[in-house]
Structures are given as C-alpha cells and as structure tokens.
Amino acid sequence: MSYDPREIETKWQDRWAREGQYEVDPQDDEATFVTVPYPYPSGGMHIGHARTYTVPDVYARYRRLQGDNVLFPIAWHVTGTPIVGAVERLKKGEADQLSVLKDTYDVPEDTLQDLETPMGFARYFVDEHYKKNMKSLGLSIDWRREFTTNDDRYSKFITWQYETLKERGLLEKGLHPVKYCTNEQNPVTTHDLLEGEEAEFQEYTLIKFGWESDGSDVTVPMATLRPETVYGVTNAYIDPDAEYARAKVDGAEWLVSSAAVEKFRLQERDVEVLEEFTGERLVGERVTNPVTQHDVLVLPADFVDADNATGVVMSVPAHSPDDWMALQEAKQDRDRMESYGIDPDEVEAIEPTAILDVEEYGEFPARDAVEEHGIDSSDDPALEDATQEVYNREFHGGVLREMYGDYAGEVVEDVRDDLKADYESRGSFDSMYEFSEEVVCRCGGDVEVAKQDTWFLRYNDAEWKEKTKRAVEGLDAIPENTREQYDHTIDWLNEWPAIRNYGLGTRLPWDDEFVIEPLSDSTIYMAYYTIAHRIEDVPVEELDRNFFDTLFMGPEAVDEPNETALDLREEWDYWYPIDYRCSANDLISNHLTFFLYHHAELFEEPKWPQGITVMGMGLLEGQKMSSSKGHVVLPAEAIEEYGADTVRFFLLNSAEPWQDYDWRSEQVQSTHDQLARFWTRANEIIEDASDVPDDPDLKHVDRWLLAKLQSTVREATDAMENFETRTASQTAFYGFEEHLKWYRKRADLDRPGAKWTLEEVLRTRLRLLAPFVPFAANELHERLDGVPVEDAAWPEPDPEFESARTEVEEGLIEALTEDVRDIVDVTETDPDTVRVYVAADWKTTVLEAVVDTGPDVGAVMGKVMQHEELREKGNEVNDLAQDLVEFVRERPDDEVAVLSEVDEQSVYESAERFLEREFDADVEVYREGEDAYDPADKAGNAVPFRPAVHLE
RNA sequence: GCGAGGGUAGCCAAGCUAGGCCAACGGCGGCGGACUCAAGAUCCGCUCCCGUAGGGGUCCAAGGGUUCGAAUCCCUUCCCUCGCACCA
C-alpha cells in the first residue's frame, strides 16, 4: 500500500472537525493547559510559525495519551500598529508591500481590496493562512475559544486588568522619549523608518557652562556622553559658521544651536528664541565650568556638528583622542586663531588636565593612544578606533583622581550615574536625548527625539519584582538555564511605557486618547481562554470590574458576586494555572517576563504559571527567513508536497524545541521517505495480523527486540516529560529502526513468534509516535487495533520483557559478527570455515574474580592467586587480569551484574546458522583447550566475552 | 560593554548536565554491491590515515591543567550567533 499522506490527512482532519475531537470541558481527569503566543496576523504564515504551534501540540497530544484532559487554545493578536501600518503601505501601493502580499503570500489580486482595513487584513491572514494551516497541520486546538484582541469582550477584560493595576499603584504617568517625525508631526515606529532603524536613544548630559554676555548670565550647555570628565575640560569648541540662538529655556537664558532649539521644544521644554546669530559670536569668549569654576576659551572648529545635541562641545584633550588632535591642530594654526581675534599664545598655553588613571596608559591616555595608532591628523580614520579604545578602557578601568572628592578612587563604570545625578540635582548638569545616528522617516522627514506623556508599568517596583522572582522560583523553566535569564531580566527591568497614541486594541480606560500596546495587553490573556467560548453569551455591558473580580478573585472579594461570573469561575478554576507556556527564547527579556509579572500580581500563587518552554529560531536552507525577500516556505506548500506528518516530524525531530533548527528541503524529503518506508512496513505487518497467535513461541532474538522496545519506551517517556521532542522521536523512530535492521537480519520473520513480536513493536511505536505523526499513527493504529491511537494509552515498559542478560547475549553476537567482518575486510579473503573459540574456564574464573572484587588489579591478583591452577600460569594470569579490569571498568554496572549468567558458548552455538548465512561459510564453535581443532593456534587469544576467531 | 548560547570528521548534526562501552549516533552527499533490460525506488557494505587477523596512529576551535583515563571537568585565548527595551 503506497503512502499518500494527503489522503489520510484530510480524512482525519474532517473526522476531528466533525466530532469536535479537541473541544474540551472540565471533567474528572486531570487538567493540562498548554498555550503558545497567539499569532500576529500582520502577514502570512511561514514554516517557522508552523513549528512554533506544533511544539505545544505535540506535548498536548502526549499528555492526552497519558490520560489528561488537555486544553490547547488559540486566538489572534491584532493590537498596535503593525497591521495598521501594513494596510497603510498597501493602500499607498508600496511595491515592497505588494510584493510581500502577492508573491510571498500568494494573495490573489482581486482579494487585495478586502485587506484595506486593519481587521479585513487580519481576517484574511487568519482565515486563509493561520486557520487553514493549523488545521492541516493537525493541531489539536479547541476552536470554540478563538477571539481577537480587538473584540469588545476582550477589551473589557483588559480594562479590568489595567484598572486593577492602576488602583494598586503599578501604573504611573510620566514623560518618555519617542521617535517623532518632524514632517508628519507624529510619533513613528521602527516600521515607518527609511533610515536609522538601529538608532538608539542616547541621553546626553548637558554641562551648564556659564557665559557673561552684555551683563546677563547665559548658560552654554555642553553635550557629552562622559559627564565624569568635567574636571578635565580645557576649552570648548563651536562651529563659527552654523546658526545659533540665544533663547529662554524653561525660564533661563541659554545659548545653543538653532537645531537644538527645535529639539528642546520637542523634549517638552519651554523655549523662546531671543536672538539668532552664527557661532562666531561665542568664539574667543570665555565660559565658566560650573563644577570647577574655571574659565575656558571657546575655539572655532568645523568638526562640531551643530545638528547634533546642543552644537557646543567641551574639550578634554587628556582623555579624548579627538580632542587631543583638535587641540594640537588649533595650536599650530596660529593664523586661523588670529583671524578670529584669539591670541595664539593663549591657545598655545592650554595644557591637558588628567583626571583619572587607567592601567593601560600613562599620564595622558589620549596622547598614548594617538601615538600607538600612529595618528598624525584629525582626518585619520584610525582616530575613531583610538577614541573607542580609550573610552572603553577608561569606562571599565579608569580610576578617578583626588579632585573628585567623594568619587575619588572609584572606577568610572561604578559612579558615572551617581555623579551625574548628583550634579544634576545641584543644577550644574542637565540632560537631553539624541539619536545615536541619523533617523529618517519613510515620508522623508527628519525624525527627532520627542518627549511625550505616557503611562508606565512600574516593573521597577521592588515588591512587584520580589513577587515575580518567587514566580520564577516555582517555575519549570525549560531548558533550565533560562531561569537565570528571567531573574536577570527582572533585575534590570525598568518602567515600561504601556500605551501608544494610535493602533488597534483596548483604549486606556481613563484616557481614551491612548491605546494599550501589544506587549502590555497580552500578559494574562491565557486566563481568558478558559472562558472565551462562554463569555460570548454574556452581554458586553455586564463585563465590569465586579464581573471579573468575581471571576478571578472569587465571591469573597466582592460585595455582590456576579452569578454568571461565579459559574464561569469554575471553568477558570479547573484549567488554571497554565502548565506550559511555549514561547520564543528572544521573548524572555520582555514578553515572558511581563507574563510572569502580571500573573504574580493579579492571581493567587497557586494560579501562577507552572512552566515555560522556550523555542529556538528557524533557518531556511541555512539562512534567515525573510518574507520581504521571499525567502520563506509556506506551510500549505510544504504540506502539499510532503504531507503534514512529514512537516511535523521534521520540525520536531531536527532539533529540541529550544534549539535553532534549519529547514532543508533535502532533509525534509529524506524524512518523508523514511515515513513512507515505515508506512509500507507497518501495512505489511497489519496485513499479516490474522496469522499472529495469542500465545507465541518467542525466540531469543524476539525477546531481545522486545527488551529494546522496553528501553525505548522508557527513554521516550523520560524525554517527553522534559519536552525533549527530538530525543523522544529520535529514540522511538530512528533509534528503533536500527534495532529492527539487526532483527530482520537475525530473525526468521516467517515464524509466528516473529510476527507477534513485530506486531507488538508496531503497536507500541505507533503510540510513541502518535504525538509527532498523528495522522499516520491514527490511521495505522485503527487498521491494526480497530481504534485510533488517540483513544489508546501511552505505553509503559513491560517488566516481563526487560532483560539486561538478553541484551548482553545479543550484543555478543553483534560483536562477533563485526569482528569476523573486520577480519574478512582486512585480509580480503572469503572464508569457507569460521572457527570461534570461547575462552577457557580458568579465564572465566579470573573474570569472576574481577567482577567480585571490583576493577583493581592488585586485589584481583590477590584473590586469584589462591587458586593453585592459576598460580601456575603466573604472568599470563596477570596480563589477563589487567585486560579484564579494563573490560569491567568500561562497562555499565547492570551489564557487569549479569555477566555470570551468560553462557557464552551456547550463545555462539545458537547463532551458528545466522553466521553461516551471513558469511556463507561453515561455522564451528569450540572451547579453548578441550581438544579444540585449532590449526592456526588462535584459541589462546580468546578472552571471556571476546572469543578468538580463525578464518580458513 | 552586559546577558545568553555555540564552535565535533565533506556538509548538517548527536554526545558533552552524572569523565571510560567514542574514531565518536544519525542524516545528507560520495564510493562499491544486490535487484533491474535500464533508470528510479528499495536493500546491503564502505566513507580520518596506515595495516593481507579483529590492530595501530592522529582527532572533537587553539593552548595549558586535573585524572590511571577527557570531545566530555578547570583555566586562558580566538571566532560565531542572539537579546539589551518602547519593536511585535
């Protein structure tokens, strides 16, 4: 019977849908609840997504076979801007977007207009991609519970969550930097950018130098990323030709570049320009360092970028290679200084001030670095490397000198933030945001940092952190090494802006100008699954605080419990907590940790998540997948080509869930071929099933194969308990195929005993493989036993067939076969006779001594020498004892323990016929001594469990 | 820089958490054979080097160390991937 996966797959898919196979409700069996992040349908589904959702499915199917009542639900995440953005780009007719939709995801031309609303767009990909694919993949989802995060009832749930958090003081209002397009006058997301997607917000410290101008005090803020160098400032630079302005900033008079004026406005400062002029105005002036009170000279410099930060910079030549070179050049360029009315001698007199010590350099690190890199001009590209090197070393190893008072003797890294905050509080410093690189909007407009009012989640709250840490403690973190990543994330997690200005989702309950952002509206929604199908019957108006309080906190928590909520509470109570959350490993640092935070806060400890399994990334033919480049494989195509079972099996078998995997079509094809072979052989066994006796006569090889089956069950079960899908499927499938290969060679398969054995093996393996290849496994199991495999149970090892002795015995035959083959290969002969010599009895006596006394040559010899017969053999015994000590030491204990039960000679004799077939030669088995026919004098080489061999 | 994960034979990739059954599972590719008119599929064997007796040599990023014994433990160095926040 040929393997046509699509035929059986559609059959089972229909049957599951018809019977509502995976629709589950509370009952007596133990509840298991697994979830996976709901898909974000801002585009189609590719093979990487297929794996994401198959991992929990395999575990769900495993738990069901173990007898659990398992819930595996799904929903759709549509919150935020990506879908809105995608629709915008579609409506604008952007070529890239059209290509992704039409070429990568095969959206028909005449359907495109349906995608021109956000929910229409989402709906298309949900229906045409996600749902279809999930069903053809055979995911055991309870489809009654699906919803979107834009649904009214879901919003009521999120509203409850955020009102509760606000009431508990875990939400806070504040200002926050955002990317802001100065052309569109709107905040923008990374997706909206043409350039600078990698740009980071940098917080510059502004050191407020003072300038006396026409009798009034003007602040000249110098922007720096190294505020601790304030004591090393020797002069300042300004671009003499750029536009600058004197302006009232938050009530004080400042001098900054005209560009900076705009930045300050965006950063929520009150700015009023008093007059504008070029930078030359400040050249040659003296400004006062607010910390040291020293006056320093302002020099002209064309390397100053007036568009960056304030457009005025301070110079620390001792510690900045840039500044060092600039100062050297300024000193040499006397004419230029004079042209600006500066006395060149005054410039000449400027000396660097060293303010910290660092191991790698002498008094002036900047000078040393410049010399080391052989830099002789400020245009030298190596200057950047030198600067980076000095900055790094000084940051991690620079020790501040005595002028720093309380901070003297400290390393920069440890005190920079404190020092900065300190001077800021004294009014000497201020700060502003700037990007690390230029950022340009898709509209072509310049993007700047703006500060906006935002609501934050207070993830830095000490009590909340502590609670969440406890949640991590109680968690089954898979793999275990992710545990410290959660802890680490909790440690550094700060306030998180939880709202956006626009996008889909739930409005902030007390300010509907804002919408709750995607990472914040997806932290406890798993609880919503437990009631999602039944809450549909509750009028939206009824879903108030009281309703959800009743539902999640119980009747005691409210004055008047809502009856419907009380009813639904039973569902929630039955399914919660989550047993396993399967998610991506790169989400540990935000989403997964938020998930823990919110559970820890909003639910009682018994309802906290039990486990998180993290999943690795996918590659396609060794390369990153990319929908914009069309470098993706669509699940529908893969399933059509190979079948869903092959796709599932490949995805789960090629790596453990948390490891990265690589979809290679060549390998997938090979997986398909292996499954096809399995299918063919299974059907042969099923066709033979009528000949199989109830009480078979089992031979040694049959028992051996059955013993291997038991250890396979044991290993596969252990692996599944740990989510090791690769190990489990590898063991049950490929591992066992190796045993079968040997078995087919060794056994006479026409015997009733062999047929019984093969049927038993098939039945058990179908159960072990059912989670991975549910279609084929169900079909075959039903043909074999009359019921689908999912109605059967996960196998347990049968003690009757476990036998270390049988395994050791069969191992001897394998080893002997291999030895003979080796000799044949090496000698390139084709023997007529194979003589096998089992070691003499006295050698066995020595082995027994080793087994008894343990692998210690001295002790063994002591014991053995008590035998007179052995004493006579002296050195020979000593050599043998050494060999056997090695032999025992290298073998596992349970194997050593059964050695004495094994009768080597009869084991080989029982395999004579097999060996004769294998080598097409006569096989004779002798015992060393005992008048063995030994023409080549080989018998003496025999050692217990390593017979001597002679070929002729 | 900080945090995490890696570097294994032509390629992919096990094993390393509990050191010895490791020349190192398995797959792909390659070579040879069986079957066949032939191809495909399937099956069998080989695939680090040397070797006319089951052996020996060298090897698991590089270099040290611990040990009777290390791919596996410790130290140092080099290289790669991912995350580092307002992006889902």
# chains A, B, ... in the order shown; residues from 1 in each chain; ligands from 1
$ interface_residues --of "chain B" --to "chain A" --cutoff "7 Å" --atoms "only C-alpha atoms (C1' of nucleotides)" --output "list in words"
G20, C21, C28, U52, A53, G54, G83, C86 and C87 of chain B
$ select_by_dssp --residues "stretch 386-421 of chain A" --states "alpha helix (DSSP H)" --output "list in words"
Ala386, Thr387, Gln388, Glu389, Val390, Tyr391, Asn392, Arg393, Glu394, Phe395, His396, Gly397, Val412, Glu413, Asp414, Val415, Arg416, Asp417, Asp418, Leu419, Lys420 and Ala421 of chain A
$ residues_around --residues "A:Trp76" --least-positions-apart "2" --cutoff "8 Å" --atoms "only C-alpha atoms (C1' of nucleotides)" --output "list in words"
Tyr38, Pro39, Tyr40, Pro41, Ile74, Val78, Val126, Glu146, Phe147, Thr148 and Thr149 of chain A
$ atom_distance --atom1 "atom CA of A:Glu88" --atom2 "atom CA of A:Val188"
13.2 Å
$ residues_around --residues "stretch 592-608 of chain A" --least-positions-apart "5" --cutoff "7 Å" --atoms "only C-alpha atoms (C1' of nucleotides)" --output "list in words"
Lys467, Thr468, Ala471, Tyr486, Thr523, Ile524, Tyr576, Pro577 and Leu587 of chain A
$ closest_residue --among "B:C12, B:C2, B:A39, B:C22" --to "B:C59" --atoms "only C-alpha atoms (C1' of nucleotides)"
B:C22
$ residues_around --residues "A:Tyr407" --least-positions-apart "6" --cutoff "10 Å" --atoms "only C-alpha atoms (C1' of nucleotides)" --output "number ranges by chain"
A: 228, 399-401, 414-416, 418-419
$ write_last_selection --atoms "N, CA, C and O atoms" --output "compact mmCIF listing (two decimals), in the first residue's frame"
# COMPACT_ATOMS: atom_id res chain seq x y z
N GLU A 228 31.68 62.43 33.60
CA GLU A 228 32.73 62.36 34.63
C GLU A 228 34.01 63.09 34.21
O GLU A 228 34.91 63.26 35.03
N VAL A 399 40.26 55.08 37.08
CA VAL A 399 40.05 55.42 38.49
C VAL A 399 40.17 56.94 38.65
O VAL A 399 41.18 57.54 38.29
N LEU A 400 39.11 57.54 39.18
CA LEU A 400 39.06 58.99 39.29
C LEU A 400 40.08 59.51 40.30
O LEU A 400 40.32 58.89 41.33
N ARG A 401 40.63 60.69 39.98
CA ARG A 401 41.66 61.26 40.85
C ARG A 401 41.06 62.05 42.02
O ARG A 401 39.85 62.23 42.11
N ASP A 414 31.41 52.49 37.83
CA ASP A 414 30.60 52.33 39.05
C ASP A 414 29.93 53.62 39.50
O ASP A 414 28.95 53.57 40.23
N VAL A 415 30.49 54.76 39.11
CA VAL A 415 29.98 56.00 39.71
C VAL A 415 29.45 57.02 38.71
O VAL A 415 28.92 58.06 39.12
N ARG A 416 29.56 56.73 37.41
CA ARG A 416 29.13 57.74 36.43
C ARG A 416 27.70 58.20 36.69
O ARG A 416 27.42 59.39 36.74
N ASP A 418 25.80 58.00 39.34
CA ASP A 418 25.62 58.72 40.61
C ASP A 418 26.13 60.14 40.51
O ASP A 418 25.49 61.10 40.95
N LEU A 419 27.32 60.23 39.91
CA LEU A 419 27.95 61.54 39.78
C LEU A 419 27.07 62.48 38.96
O LEU A 419 26.83 63.63 39.32
$ closest_residue --among "A:Pro344, A:Asp832, A:Thr159, A:Thr32" --to "A:Arg64" --atoms "only C-alpha atoms"
A:Thr32
